[in-house]
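Heads up, the thing below is written out as structure tokens.
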Amino acid sequence: MDGVEFRLLGPVGVWHAGRRLGPATAQQRTVLAMLLLEAGRPVPVTRLVSALWGAESPESARNAVQGHISRLRRLLAPYEEVELVTSAHGYCLAVARDRIDLFRFRELVREAGNAGGETGGEGGAERAIGLLRAGLALWQGTALADVAGRWLPDVVVPGIEEERLAALERRLALDLRRGRHQEAAAELTALVGEHPLRERLVSLLMTALLRCDRRTEALAVFRRVRRRFAEELGIEPGEELQRLHQAILAGRDDLTGTAPAVVAVPRHLPPDTELFTAREEELATLDRLTLPAPGSAAAHAMAPCVITGTGGVGKTTLAVHWAHRVSDRFPDGQLYVNLQGYGPTHIARPPGEAVRLFLDALRVPSELVGATLEAQVGLYRSLLAERRMLILLDNALDSDQVRPLLPNAPGCLALITSRAELTGLVAAEGARTLSLGLFSPEHSRLLLTRRLGVDKVDAEPRAVDDIVSRCAGLPLALAIVAARAQTRPSFPLGTLISGLDGPGDGPENGPAGGSGDGSAGGDAEGVEGEGEGPRGGRADSGDSADGLDVFDGGDASTNMRTVLSWSYRALTPDAARLFRLCGLLPAPEISTAAAASLAGIPVRQAQRLLTELTRANLAVERTPGRYGRHDLLRAYAEELTRLHDSETERHEALHRLLDHYLHSACLGDRLLDLYHRVPLTPAPPRPGVVVSRITDRAQSEAWFGREHRTLLAAIRHAARLGFDRHAWQLAGACWGFLSQEGRSDDQAAVHHIALEAAARLDDPAAQAHAHVGLAQALIRLGQDATSDAHLRAAQDLFGGQDDAAGQAICLIYRSVIEDRRGRYDEGLRLSDQALRLCRAAGDRAGEGRVLNNIGWFHAQLGAYGEALRRCEEALAIHRELHDLPGESATLDSLGHIHHLLGQYEQAISYYRGSLAWRRGGKRALGARTLRRLGEAQLAAGRLREGRSTLQRALALTAELAPGDADALRARLAGLDDPAG
């Protein structure tokens, strides 16, 4: 590798051109190792101090760390590919991870897993072996061999060493599979000597010895290991070794487990907090609740455990901290999912989506995943059957959302957090509950001390008492107060709760202003002095929406709005305005470009303001350039914008935001290569709108993938607030993405909204397009009769506008329905009408699509010569126009015609040509082509290949067009029937 590289797998250091440059001392190597392990992320000074000295750090520890950082910075200064950055959160080593041997090792191991060595052919196995050998060759001895302090060797090194051994075991298992028994036996003998109680190595050694016709030695290895287990651990060897021993005794050579499939060990827990405070009693309760009941067998399944409590009380923080604390009890991994039961959009994550996330985490190939939720849940539970895993189900809405995600394995535990009590789980599944209460005054003070330091808290005891009293024991409120104090370290704590508008607050740090009918600082007097009233009350008294009333204890000292206002009032005026305006759209998150449009400011300024909000704990950067916030913060922001921003400004801000989504979606939609695009002509964007930069198809798909949930919320919100033109046009702009991704339910929902919005506008063209978008989604959902009614309505509307191309689209989709009904004569008649209309409209692309359909219907009617002629005409037009989707569809039709003619190999070739554009069948229409390809393979005698293709087609069809799945499911069942 050119340039500088870093090594952790052995002596720690910086290398260049094969020469070690440093660091010179063990303490500097510890600091470097800590930065490399968190490459690209800041490492707090406290963590560096702990790594160097543990709990007994000297008073000069921070100065010593600064000195080490300075020397490392000088060492790295000549190399522009690396930078040691200082920030408010600590020190960060900005360097590409492929320059660090540990991360290169992990990437090679990951690639080996993807090579299919365990389940694929010989080529996959050899490639996986080569990748694993390359990764293991990076090790130059014990990891972190020459660092100072005990924390890295005692805490970090064992985990890294486990990664090495796991990779070594995988490589040796593959060597055995490839017949390298002698070499593997020699290497394993030495390894078992070093790790005599590591059962996987022992199993591999016994297998290797047996393959070498050394059965007696294999049995002797087991006897020695069994004796050692009994003497040192007082237990028997594990089930794998026991089964292998029995198989050898029985003289079987069909040993299982010689080269097992890769078993993913997911570690999906969110990061634990270093500042976790109190909750010792609750942690002990969790320990008790998750242990087997007295008198029950240890192998009895653990009952689910539900942590309940109000928003902001710390349910997730407690669950994540406890899960990290007991992770060793669940050695097969930890799964995590946010079920989004309570959030700004009120759209909970469906159980099926959560199950698929878990199956992905367990690295289940997509072709093995069933089409139905029942099948997916069954597979998920089967995978957990013999494992010990923790499943953390965060932010659940109700029992029905959780129930499919519960494991049924003795060693697995489901830990659930929810604002609801989930009494259904308690009654039916025997779930145990832990109700999380507020912090006591002592624990509240402890939280402030841990975040602000003993000196700061001890210096102002009365102010701390006042803060503790006003926060009323809510951890979220205490954290917000602490964040304000951390961002204003020179301010006395007393100013956090009183006198904020005194002389201590200058123009930069003073009350945040805003446009509209009053300054942002005006809410503190109303909120603290008069309390909050119902929606529609007097604006000057602090009356606002009731979204936060659940946190109102009856006076200002227990009012969540008061606590939030302390952090809000510390913002600069521009950041305060952006925070308020972000309450206008009930969406899960917002991008930098959308925030800039909302506020009517440049992107660079929006980025700076969002960073300010993040640092004040009023937003969180969930992924680069995308910001979310707690739902309580969104409700608070909505209250503030209604209170301080005029109706005109709120209307203009929302108009700009909807313009951003509409024009960005239109730009992206034009890059998706889709026919039947809605001819949108949105009004020019308002001044201040930022349109996302989307320049190619991949960027378009990525943008829609990130924004589609927000776009759905925007469409609903636009229609609700009278932005009807935005509502129907946004639905039209999303049509292409939702259609090609098979999101038929979403497509139907937004086009229902679009149809209502178009009717309110009395816009026949808009109504017609909404009818067609809704009809296409309903066809996918199997609702042909309803779809046909919408298409006829759209055809009449297009006819009234003299829109020949629009009428042709309706006829095309109506012909699809007739094809599904088996009425091919009627389908051909409708297609002939559509062809005349396309030619009259000069719609060359439409003409190609209809010619293909005409060829299809001729084939269904047995006129194969005419069918081939029409499809060849269509193919010429598509290639002339570089219409790849149209070409793909026509190749599919040609494959079908050759199939009907008994020319199966030609049919297979055409089908594969059709799927090439569809990237292996990942698009909605690819499911149909996959099915036809499978049938052609069966007809050609490729039985195993054909069955596999049909299974892939079923999985895709069930996901993207469930109305068509039953027939394919029955076809596969027929293949399983010996009589069939």
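FYI, nothing fancy with the structure tokens labels: chains A, B, ... in order, residues from 1 per chain, ligands from 1 as they appear.
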So which residues touch region 310-321 of chain A within 7 Å, counting only C-alpha atoms, skipping near sequence neighbours fewer than 2 positions away, as a PDB file with N, CA and C atoms, in the first residue's frame?
```pdb
ATOM      1  N   LEU A 269     -26.553  -4.055  19.174  1.00  0.00           N
ATOM      2  CA  LEU A 269     -26.989  -3.117  20.202  1.00  0.00           C
ATOM      3  C   LEU A 269     -26.488  -1.717  19.891  1.00  0.00           C
ATOM      4  N   PRO A 270     -27.289  -0.697  20.143  1.00  0.00           N
ATOM      5  CA  PRO A 270     -26.769   0.674  20.049  1.00  0.00           C
ATOM      6  C   PRO A 270     -25.648   0.870  21.063  1.00  0.00           C
ATOM      7  N   ASP A 272     -23.497   1.848  24.197  1.00  0.00           N
ATOM      8  CA  ASP A 272     -23.815   2.112  25.598  1.00  0.00           C
ATOM      9  C   ASP A 272     -23.313   3.508  25.956  1.00  0.00           C
ATOM     10  N   ILE A 307     -40.155  -3.313  29.554  1.00  0.00           N
ATOM     11  CA  ILE A 307     -39.853  -2.104  30.320  1.00  0.00           C
ATOM     12  C   ILE A 307     -40.830  -1.024  29.864  1.00  0.00           C
ATOM     13  N   THR A 308     -41.652  -0.534  30.787  1.00  0.00           N
ATOM     14  CA  THR A 308     -42.637   0.476  30.437  1.00  0.00           C
ATOM     15  C   THR A 308     -42.349   1.765  31.194  1.00  0.00           C
ATOM     16  N   ALA A 323     -28.371  -4.635  28.496  1.00  0.00           N
ATOM     17  CA  ALA A 323     -28.029  -5.615  27.457  1.00  0.00           C
ATOM     18  C   ALA A 323     -26.522  -5.716  27.268  1.00  0.00           C
ATOM     19  N   HIS A 324     -25.831  -4.574  27.281  1.00  0.00           N
ATOM     20  CA  HIS A 324     -24.371  -4.621  27.191  1.00  0.00           C
ATOM     21  C   HIS A 324     -23.779  -5.323  28.417  1.00  0.00           C
ATOM     22  N   ARG A 325     -24.358  -5.078  29.574  1.00  0.00           N
ATOM     23  CA  ARG A 325     -23.819  -5.629  30.821  1.00  0.00           C
ATOM     24  C   ARG A 325     -23.908  -7.148  30.855  1.00  0.00           C
ATOM     25  N   ASP A 394     -37.315  -2.310  20.712  1.00  0.00           N
ATOM     26  CA  ASP A 394     -37.400  -0.982  21.308  1.00  0.00           C
ATOM     27  C   ASP A 394     -38.602  -0.217  20.764  1.00  0.00           C
ATOM     28  N   THR A 417     -39.221  -2.474  25.097  1.00  0.00           N
ATOM     29  CA  THR A 417     -39.537  -1.193  25.717  1.00  0.00           C
ATOM     30  C   THR A 417     -40.773  -0.611  25.038  1.00  0.00           C
ATOM     31  N   ARG A 419     -44.141   2.555  25.720  1.00  0.00           N
ATOM     32  CA  ARG A 419     -44.906   3.448  26.579  1.00  0.00           C
ATOM     33  C   ARG A 419     -46.212   2.799  27.033  1.00  0.00           C
ATOM     34  N   LEU A 436     -40.763   1.791  34.801  1.00  0.00           N
ATOM     35  CA  LEU A 436     -39.647   2.690  35.096  1.00  0.00           C
ATOM     36  C   LEU A 436     -40.184   4.021  35.602  1.00  0.00           C
ATOM     37  N   LEU A 438     -39.546   7.924  37.835  1.00  0.00           N
ATOM     38  CA  LEU A 438     -38.683   9.090  37.757  1.00  0.00           C
ATOM     39  C   LEU A 438     -37.481   8.931  38.688  1.00  0.00           C
ATOM     40  N   LEU A 474     -37.184  13.708  35.668  1.00  0.00           N
ATOM     41  CA  LEU A 474     -37.232  13.177  34.310  1.00  0.00           C
ATOM     42  C   LEU A 474     -35.824  13.197  33.720  1.00  0.00           C
ATOM     43  N   PRO A 475     -35.227  12.048  33.416  1.00  0.00           N
ATOM     44  CA  PRO A 475     -33.848  12.026  32.926  1.00  0.00           C
ATOM     45  C   PRO A 475     -33.639  12.859  31.667  1.00  0.00           C
ATOM     46  N   LEU A 476     -34.600  12.844  30.744  1.00  0.00           N
ATOM     47  CA  LEU A 476     -34.443  13.644  29.535  1.00  0.00           C
ATOM     48  C   LEU A 476     -34.317  15.119  29.870  1.00  0.00           C
TER      49      LEU A 476
END
```
- Query: Got a sec: who's within 9 Å of Leu609 (chain A), counting only C-alpha atoms, leaving out chain neighbours fewer than 3 positions off, as a ChimeraX atom specification?
  - Reply: /A:572,574-576,578-579,604-606,612-614
- Select from region 49-148 of chain A everything DSSP, run on the backbone, classes as strand (DSSP E), then give the selection as a list in words. Val82, Glu83, Leu84, Val85, Thr86, Ser87, Gly90, Tyr91, Cys92, Leu93, Ala94 and Val95 of chain A
Output file for the residues above (N, CA and C atoms, as a PDB file, in the first residue's frame):
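Contents of result-v2.pdb, freshly written:
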```pdb
ATOM      1  N   VAL A  82      -3.774  11.414   6.483  1.00  0.00           N
ATOM      2  CA  VAL A  82      -4.236  11.205   7.844  1.00  0.00           C
ATOM      3  C   VAL A  82      -4.193  12.523   8.594  1.00  0.00           C
ATOM      4  N   GLU A  83      -5.153  12.738   9.491  1.00  0.00           N
ATOM      5  CA  GLU A  83      -5.216  13.976  10.259  1.00  0.00           C
ATOM      6  C   GLU A  83      -5.692  13.669  11.669  1.00  0.00           C
ATOM      7  N   LEU A  84      -5.011  14.204  12.651  1.00  0.00           N
ATOM      8  CA  LEU A  84      -5.392  14.057  14.057  1.00  0.00           C
ATOM      9  C   LEU A  84      -6.120  15.332  14.465  1.00  0.00           C
ATOM     10  N   VAL A  85      -7.422  15.205  14.713  1.00  0.00           N
ATOM     11  CA  VAL A  85      -8.301  16.361  14.902  1.00  0.00           C
ATOM     12  C   VAL A  85      -8.697  16.464  16.374  1.00  0.00           C
ATOM     13  N   THR A  86      -8.729  17.694  16.870  1.00  0.00           N
ATOM     14  CA  THR A  86      -9.223  17.961  18.217  1.00  0.00           C
ATOM     15  C   THR A  86     -10.621  18.552  18.124  1.00  0.00           C
ATOM     16  N   SER A  87     -11.554  18.054  18.929  1.00  0.00           N
ATOM     17  CA  SER A  87     -12.919  18.571  18.929  1.00  0.00           C
ATOM     18  C   SER A  87     -13.402  18.665  20.367  1.00  0.00           C
ATOM     19  N   GLY A  90     -13.365  15.261  22.092  1.00  0.00           N
ATOM     20  CA  GLY A  90     -12.135  14.514  22.310  1.00  0.00           C
ATOM     21  C   GLY A  90     -11.218  14.623  21.117  1.00  0.00           C
ATOM     22  N   TYR A  91     -10.498  13.551  20.842  1.00  0.00           N
ATOM     23  CA  TYR A  91      -9.555  13.512  19.732  1.00  0.00           C
ATOM     24  C   TYR A  91     -10.013  12.466  18.724  1.00  0.00           C
ATOM     25  N   CYS A  92      -9.847  12.807  17.443  1.00  0.00           N
ATOM     26  CA  CYS A  92     -10.316  11.935  16.363  1.00  0.00           C
ATOM     27  C   CYS A  92      -9.196  11.772  15.343  1.00  0.00           C
ATOM     28  N   LEU A  93      -8.893  10.525  14.983  1.00  0.00           N
ATOM     29  CA  LEU A  93      -7.911  10.244  13.945  1.00  0.00           C
ATOM     30  C   LEU A  93      -8.668  10.014  12.645  1.00  0.00           C
ATOM     31  N   ALA A  94      -8.597  10.987  11.763  1.00  0.00           N
ATOM     32  CA  ALA A  94      -9.305  10.911  10.480  1.00  0.00           C
ATOM     33  C   ALA A  94      -8.407  10.189   9.483  1.00  0.00           C
ATOM     34  N   VAL A  95      -8.706   8.934   9.210  1.00  0.00           N
ATOM     35  CA  VAL A  95      -7.895   8.122   8.305  1.00  0.00           C
ATOM     36  C   VAL A  95      -8.784   7.045   7.709  1.00  0.00           C
TER      37      VAL A  95
END
```
- Query: Leaving out region 900-905 of chain A and any residue of its chain fewer than 6 positions from it, which residues lie within 9 Å of it when counting only C-alpha atoms, given as an NGL selection string?
  - Reply: :A and (859-860 or 862 or 864 or 936-937 or 939-940)
- Message: Among region 367-506 of chain A, which ones does DSSP assign to alpha helix (DSSP H) (computed from the backbone)? Answer as a PyMOL selection string.
- Response: chain A and resi 373-383+399-402+423-429+441-452+454-459+461-471+475-487
Please produce a file of those selected residues containing C-alpha atoms, as a compact mmCIF listing (two decimals), in the first residue's frame.
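Resulting contents of part_24.txt:
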```txt
# COMPACT_ATOMS: atom_id res chain seq x y z
CA LEU A 373 -44.96 -13.38 7.38
CA GLU A 374 -45.73 -16.79 8.89
CA ALA A 375 -42.94 -18.41 6.89
CA GLN A 376 -40.47 -15.68 7.78
CA VAL A 377 -41.33 -15.89 11.49
CA GLY A 378 -40.99 -19.67 11.36
CA LEU A 379 -37.53 -19.40 9.80
CA TYR A 380 -36.47 -16.73 12.29
CA ARG A 381 -37.54 -18.85 15.26
CA SER A 382 -35.91 -21.95 13.80
CA LEU A 383 -32.60 -20.12 13.49
CA SER A 399 -48.68 -6.54 21.79
CA ASP A 400 -49.62 -7.48 18.21
CA GLN A 401 -46.56 -5.70 16.85
CA VAL A 402 -44.27 -7.59 19.23
CA THR A 423 -51.02 -6.28 29.01
CA GLY A 424 -51.74 -8.67 26.14
CA LEU A 425 -48.20 -10.01 26.36
CA VAL A 426 -48.49 -10.34 30.10
CA ALA A 427 -51.76 -12.29 29.84
CA ALA A 428 -50.98 -14.53 26.87
CA GLU A 429 -47.19 -14.91 26.88
CA PRO A 441 -33.51 13.84 43.91
CA GLU A 442 -30.28 12.01 44.83
CA HIS A 443 -30.09 10.27 41.49
CA SER A 444 -30.96 13.49 39.64
CA ARG A 445 -28.07 15.21 41.40
CA LEU A 446 -25.81 12.28 40.54
CA LEU A 447 -26.69 12.61 36.86
CA LEU A 448 -25.79 16.30 36.88
CA THR A 449 -22.54 15.53 38.70
CA ARG A 450 -21.49 12.91 36.17
CA ARG A 451 -22.20 15.20 33.25
CA LEU A 452 -20.90 18.49 34.67
CA VAL A 454 -18.11 17.51 40.98
CA ASP A 455 -16.55 20.98 41.14
CA LYS A 456 -19.29 22.61 39.06
CA VAL A 457 -22.11 21.01 41.04
CA ASP A 458 -20.57 21.54 44.49
CA ALA A 459 -19.93 25.20 43.76
CA PRO A 461 -25.69 23.67 45.66
CA ARG A 462 -28.79 25.89 45.77
CA ALA A 463 -28.90 26.19 41.97
CA VAL A 464 -28.50 22.43 41.66
CA ASP A 465 -31.34 21.87 44.12
CA ASP A 466 -33.52 24.20 42.08
CA ILE A 467 -32.67 22.40 38.81
CA VAL A 468 -33.38 19.01 40.41
CA SER A 469 -36.72 20.25 41.71
CA ARG A 470 -37.83 21.79 38.42
CA CYS A 471 -36.81 18.75 36.33
CA PRO A 475 -33.85 12.03 32.93
CA LEU A 476 -34.44 13.64 29.53
CA ALA A 477 -35.09 16.99 31.17
CA LEU A 478 -31.94 16.68 33.30
CA ALA A 479 -29.88 15.77 30.25
CA ILE A 480 -31.11 18.85 28.38
CA VAL A 481 -30.23 21.11 31.30
CA ALA A 482 -26.78 19.54 31.52
CA ALA A 483 -26.28 20.04 27.79
CA ARG A 484 -27.03 23.74 28.11
CA ALA A 485 -24.55 24.03 30.97
CA GLN A 486 -21.90 22.21 28.93
CA THR A 487 -22.34 24.56 25.98
```
- Compile the contact shell of Leu201 (chain A) as a ChimeraX atom specification: residues with an atom at most 8 Å away, counting only C-alpha atoms, same-chain residues fewer than 2 positions apart removed. /A:169,188,191-192,195,198-199,203-205
Those same residues, written as a CSV table (one decimal), in the first residue's frame with C-alpha atoms?
```csv
chain,number,residue,atom,x,y,z
A,169,GLU,CA,-11.4,-22.1,12.3
A,188,LEU,CA,-4.8,-28.3,14.4
A,191,LEU,CA,-3.7,-25.1,18.0
A,192,VAL,CA,-5.5,-27.5,20.3
A,195,HIS,CA,-6.5,-23.9,23.3
A,198,ARG,CA,-11.9,-24.6,22.5
A,199,GLU,CA,-14.5,-27.1,21.2
A,203,SER,CA,-14.0,-30.9,16.6
A,204,LEU,CA,-12.0,-30.0,13.5
A,205,LEU,CA,-9.0,-31.9,14.8
```
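Each of A:Ala698, A:Arg580, A:Pro404, A:Gly848 was checked against Glu353 (chain A) using only C-alpha atoms; the smallest atom-to-atom distance is that of A:Pro404.
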- Query: For Val603 (chain A), which of A:Arg488, A:His655, A:Arg693, A:Arg615 is the closest residue, counting only C-alpha atoms?
  - Reply: A:Arg693
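Distance annotation: of A:Glu81, A:Asp796, A:Asp802, A:Asp832, the residue with the minimal separation from Ser815 (chain A) is A:Asp832; atom set is only C-alpha atoms.
Across the structure, CA of Ala768 (chain A) and CA of Leu671 (chain A) are spaced 23.2 Å apart.
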- Determine the nearest neighbour of Gly688 (chain A) from the options A:Leu654, A:Ala414, A:Ala112, A:Leu667, counting only C-alpha atoms. A:Leu654
- Message: Would you pick out the contacts of Gly705 (chain A) at 12 Å or less, using only C-alpha atoms, so that residues sharing its chain but fewer than 5 positions from it are not included, and give the list as number ranges by chain?
- Response: A: 665, 668, 698-700, 710-712, 734, 737-738, 740-741, 743
Keeping N, CA and C atoms for every residue in the selection just given, could you write it to a file as a PDB file, in the first residue's frame?
```pdb
ATOM      1  N   ALA A 665     -38.149  15.363  -6.273  1.00  0.00           N
ATOM      2  CA  ALA A 665     -38.760  14.105  -6.705  1.00  0.00           C
ATOM      3  C   ALA A 665     -38.971  14.086  -8.213  1.00  0.00           C
ATOM      4  N   GLY A 668     -35.609  13.416  -9.791  1.00  0.00           N
ATOM      5  CA  GLY A 668     -35.252  12.009  -9.650  1.00  0.00           C
ATOM      6  C   GLY A 668     -36.105  11.101 -10.507  1.00  0.00           C
ATOM      7  N   ALA A 698     -28.743   5.929 -10.290  1.00  0.00           N
ATOM      8  CA  ALA A 698     -28.373   5.400  -8.971  1.00  0.00           C
ATOM      9  C   ALA A 698     -28.642   6.436  -7.886  1.00  0.00           C
ATOM     10  N   GLN A 699     -28.298   7.696  -8.152  1.00  0.00           N
ATOM     11  CA  GLN A 699     -28.571   8.740  -7.169  1.00  0.00           C
ATOM     12  C   GLN A 699     -30.063   8.916  -6.958  1.00  0.00           C
ATOM     13  N   SER A 700     -30.847   8.788  -8.031  1.00  0.00           N
ATOM     14  CA  SER A 700     -32.297   8.918  -7.902  1.00  0.00           C
ATOM     15  C   SER A 700     -32.857   7.824  -6.997  1.00  0.00           C
ATOM     16  N   THR A 710     -40.540  10.068   4.400  1.00  0.00           N
ATOM     17  CA  THR A 710     -40.819  11.491   4.563  1.00  0.00           C
ATOM     18  C   THR A 710     -41.743  11.993   3.462  1.00  0.00           C
ATOM     19  N   LEU A 711     -41.559  11.510   2.235  1.00  0.00           N
ATOM     20  CA  LEU A 711     -42.419  11.927   1.129  1.00  0.00           C
ATOM     21  C   LEU A 711     -43.872  11.512   1.377  1.00  0.00           C
ATOM     22  N   LEU A 712     -44.069  10.314   1.908  1.00  0.00           N
ATOM     23  CA  LEU A 712     -45.439   9.874   2.208  1.00  0.00           C
ATOM     24  C   LEU A 712     -46.075  10.788   3.259  1.00  0.00           C
ATOM     25  N   CYS A 734     -43.720  10.361  -7.202  1.00  0.00           N
ATOM     26  CA  CYS A 734     -43.275   9.157  -6.482  1.00  0.00           C
ATOM     27  C   CYS A 734     -43.755   7.869  -7.139  1.00  0.00           C
ATOM     28  N   PHE A 737     -40.959   5.418  -8.591  1.00  0.00           N
ATOM     29  CA  PHE A 737     -40.171   4.721  -7.571  1.00  0.00           C
ATOM     30  C   PHE A 737     -41.013   3.681  -6.853  1.00  0.00           C
ATOM     31  N   LEU A 738     -42.201   4.083  -6.406  1.00  0.00           N
ATOM     32  CA  LEU A 738     -43.043   3.143  -5.658  1.00  0.00           C
ATOM     33  C   LEU A 738     -43.425   1.950  -6.525  1.00  0.00           C
ATOM     34  N   GLN A 740     -41.696   0.655  -9.259  1.00  0.00           N
ATOM     35  CA  GLN A 740     -40.591  -0.248  -9.563  1.00  0.00           C
ATOM     36  C   GLN A 740     -40.083  -0.972  -8.322  1.00  0.00           C
ATOM     37  N   GLU A 741     -40.286  -0.396  -7.149  1.00  0.00           N
ATOM     38  CA  GLU A 741     -39.875  -1.064  -5.917  1.00  0.00           C
ATOM     39  C   GLU A 741     -40.971  -1.963  -5.354  1.00  0.00           C
ATOM     40  N   ARG A 743     -43.813  -1.139  -3.963  1.00  0.00           N
ATOM     41  CA  ARG A 743     -44.463  -0.631  -2.746  1.00  0.00           C
ATOM     42  C   ARG A 743     -45.916  -0.289  -3.088  1.00  0.00           C
TER      43      ARG A 743
END
```
